[in-house]
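J.: Just dropping this structure here.
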Amino acid sequence: SLGLLVRLDDEEEIDGLVSGGLDWSGTTHPSRDDIRVRMAVSNKDRERFRMAMTADGDSQDEAVSGSLGLALFAEADEKFDGRVSGGLDWSDALEASMTVSNRNREKLHMAMTADGNSRFRERDGSLGLLVRVDNENEVDGLVSGSFDWSGTEDADQTDLRASMTVSNKQRERLHMAMTADGDSQDEAMAGSLGLLVRTDADDKLDGHLSGAVDWSGMTDANRDDLQASMTVINRNREKLHMAMTADGNS
């Protein structure tokens, strides 16, 4: 503690005391906060300001957690009594959280998850986010997706498939799926692209673009030198088809 007395013309102007303490005995005692700090300022035997802070943490093999507490008093009136706590766990998927409270009332809570999986020619994963303000869920979202190119080694499958889904409060907000496939021979190529877009469970686009080009006729006098085609469909209905041929002789 520190004390200060100031007297002018036999009149006390300041009769103050600043006291404090620091305790880290909890670092060796699991049932107590690791660190505790306190400070108080008084004048003329009246408390003017007081602060108390706590810090605590714990760690395991693949997880850590901790908290910070802060209490502020001015003129013996509690101004703030807050706590911030959080944790991080990567033992399986990744999970992280943070909570802010004041006067034992939750003000903000955030939680995030991340998970993924990989196989030989396939990847998938997800990200989750929860945001709660004054105990009211503002965001409870999940983004998930996958990417599969195993069809490049299997003629019976589409070469490439990809998808992404965004949901909030367990309701789908956006879904996108894409496919890509192709084939080539000595003097011909063909391929297709598919795209599905869905918002709020309503299909906005379910399209398919396919095309081919064949130049084998350049070595076959009975066929056109070049043949090309393109087709665009949406919701299983043809929207556009184009076909072109080119032939020549010299």
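Residues are named by chain letter and number: chains run A, B, ... in the order of the structure tokens, numbers start at 1 in each chain, and ligands are numbered from 1 in the order shown.
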When you look at Thr231 in chain A with a cut-off of 10 Å (counting only C-alpha atoms), what residues show up, excluding the ones that are within fewer than 2 positions of it in the same chain? I need them as a PyMOL selection string.
T.: chain A and resi 192+208-212+229+233+238-243
J.: I'd like the neighbourhood of Arg119 in chain A as number ranges by chain, where a residue qualifies if any of its atoms comes within 10 Å (using only C-alpha atoms), though same-chain residues fewer than 4 positions away should be ignored.
T.: A: 123-124, 148, 150
J.: Would you save the residues of that selection, restricted to N, CA, C and O atoms, as a JSON list (two decimals), in the first residue's frame?
T.:
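Final output, saved to selection.json:
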```
[["chain", "number", "residue", "atom", "x", "y", "z"],
["A", 123, "ARG", "N", -12.29, -34.51, -51.41],
["A", 123, "ARG", "CA", -12.16, -33.67, -50.22],
["A", 123, "ARG", "C", -13.54, -33.18, -49.81],
["A", 123, "ARG", "O", -14.38, -32.87, -50.67],
["A", 124, "ASP", "N", -13.78, -33.09, -48.52],
["A", 124, "ASP", "CA", -15.01, -32.46, -48.04],
["A", 124, "ASP", "C", -14.72, -31.82, -46.70],
["A", 124, "ASP", "O", -13.79, -32.21, -45.99],
["A", 148, "ASP", "N", -14.78, -33.63, -55.66],
["A", 148, "ASP", "CA", -14.51, -35.02, -56.00],
["A", 148, "ASP", "C", -14.05, -35.10, -57.46],
["A", 148, "ASP", "O", -14.78, -34.70, -58.36],
["A", 150, "SER", "N", -12.61, -38.14, -58.53],
["A", 150, "SER", "CA", -12.33, -39.56, -58.75],
["A", 150, "SER", "C", -12.81, -40.03, -60.11],
["A", 150, "SER", "O", -12.32, -41.05, -60.62]]
```
J.: Could you tell me how far CA of Gly151 in chain A lies from CA of Gly194 in chain A, in Å and to one decimal?
T.: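 Separation of CA of Gly151 in chain A and CA of Gly194 in chain A: 14.8 Å.
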J.: Residues near Val18 in chain A, anyone? I mean within 8 Å using only C-alpha atoms, not counting same-chain ones fewer than 6 positions away, as a PDB file with N, CA, C and O atoms, in the first residue's frame.
T.:
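Saved the output as out-v9.pdb:
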```
ATOM      1  N   SER A   1       0.842  -1.188   0.000  1.00  0.00           N
ATOM      2  CA  SER A   1       0.000   0.000   0.000  1.00  0.00           C
ATOM      3  C   SER A   1       0.880   1.241   0.000  1.00  0.00           C
ATOM      4  O   SER A   1       2.024   1.224   0.435  1.00  0.00           O
ATOM      5  N   LEU A   2       0.277   2.345  -0.512  1.00  0.00           N
ATOM      6  CA  LEU A   2       0.911   3.655  -0.504  1.00  0.00           C
ATOM      7  C   LEU A   2      -0.070   4.642   0.107  1.00  0.00           C
ATOM      8  O   LEU A   2      -1.248   4.657  -0.260  1.00  0.00           O
ATOM      9  N   GLY A   3       0.420   5.443   1.031  1.00  0.00           N
ATOM     10  CA  GLY A   3      -0.427   6.449   1.645  1.00  0.00           C
ATOM     11  C   GLY A   3       0.105   7.849   1.389  1.00  0.00           C
ATOM     12  O   GLY A   3       1.321   8.054   1.308  1.00  0.00           O
ATOM     13  N   MET A  39      -6.614  -3.809  -6.696  1.00  0.00           N
ATOM     14  CA  MET A  39      -6.102  -2.474  -6.375  1.00  0.00           C
ATOM     15  C   MET A  39      -7.268  -1.627  -5.897  1.00  0.00           C
ATOM     16  O   MET A  39      -8.365  -1.698  -6.466  1.00  0.00           O
ATOM     17  N   ALA A  40      -7.032  -0.829  -4.866  1.00  0.00           N
ATOM     18  CA  ALA A  40      -8.062   0.057  -4.326  1.00  0.00           C
ATOM     19  C   ALA A  40      -7.458   1.430  -4.050  1.00  0.00           C
ATOM     20  O   ALA A  40      -6.307   1.538  -3.614  1.00  0.00           O
ATOM     21  N   VAL A  41      -8.236   2.458  -4.347  1.00  0.00           N
ATOM     22  CA  VAL A  41      -7.826   3.841  -4.097  1.00  0.00           C
ATOM     23  C   VAL A  41      -8.879   4.483  -3.201  1.00  0.00           C
ATOM     24  O   VAL A  41     -10.075   4.452  -3.517  1.00  0.00           O
ATOM     25  N   SER A  42      -8.454   5.048  -2.077  1.00  0.00           N
ATOM     26  CA  SER A  42      -9.385   5.699  -1.162  1.00  0.00           C
ATOM     27  C   SER A  42      -8.856   7.071  -0.766  1.00  0.00           C
ATOM     28  O   SER A  42      -7.663   7.339  -0.851  1.00  0.00           O
TER      29      SER A  42
END
```
J.: Would you list the contacts of Val6 in chain A as a list in words, taking every protein, DNA or RNA residue within 9 Å and counting only C-alpha atoms, but skipping same-chain residues closer than 4 positions in sequence?
T.: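 Those residues are Glu11, Glu12, Glu13, Ile14, Asp15 and Gly16 of chain A.
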J.: Just the residues within 7 Å of range 43-59 of chain A, please, counting only C-alpha atoms, with nothing from its chain fewer than 3 positions along; format it as a list in words.
T.: Ile14, Asp15, Gly16, Leu17, Asp33, Asp34, Ile35, Arg36, Val37, Arg38, Met39, Ala40, Ala63, Val64, Ser65, Gly66, Ser67, Leu68, Gly69, Leu70, Ala71, Leu72, Phe73, Ala74, Glu75 and Ala76 of chain A
J.: In Å, how far is it from CA of Asp200 in chain A to CA of Glu95 in chain A?
T.: 27.5 Å
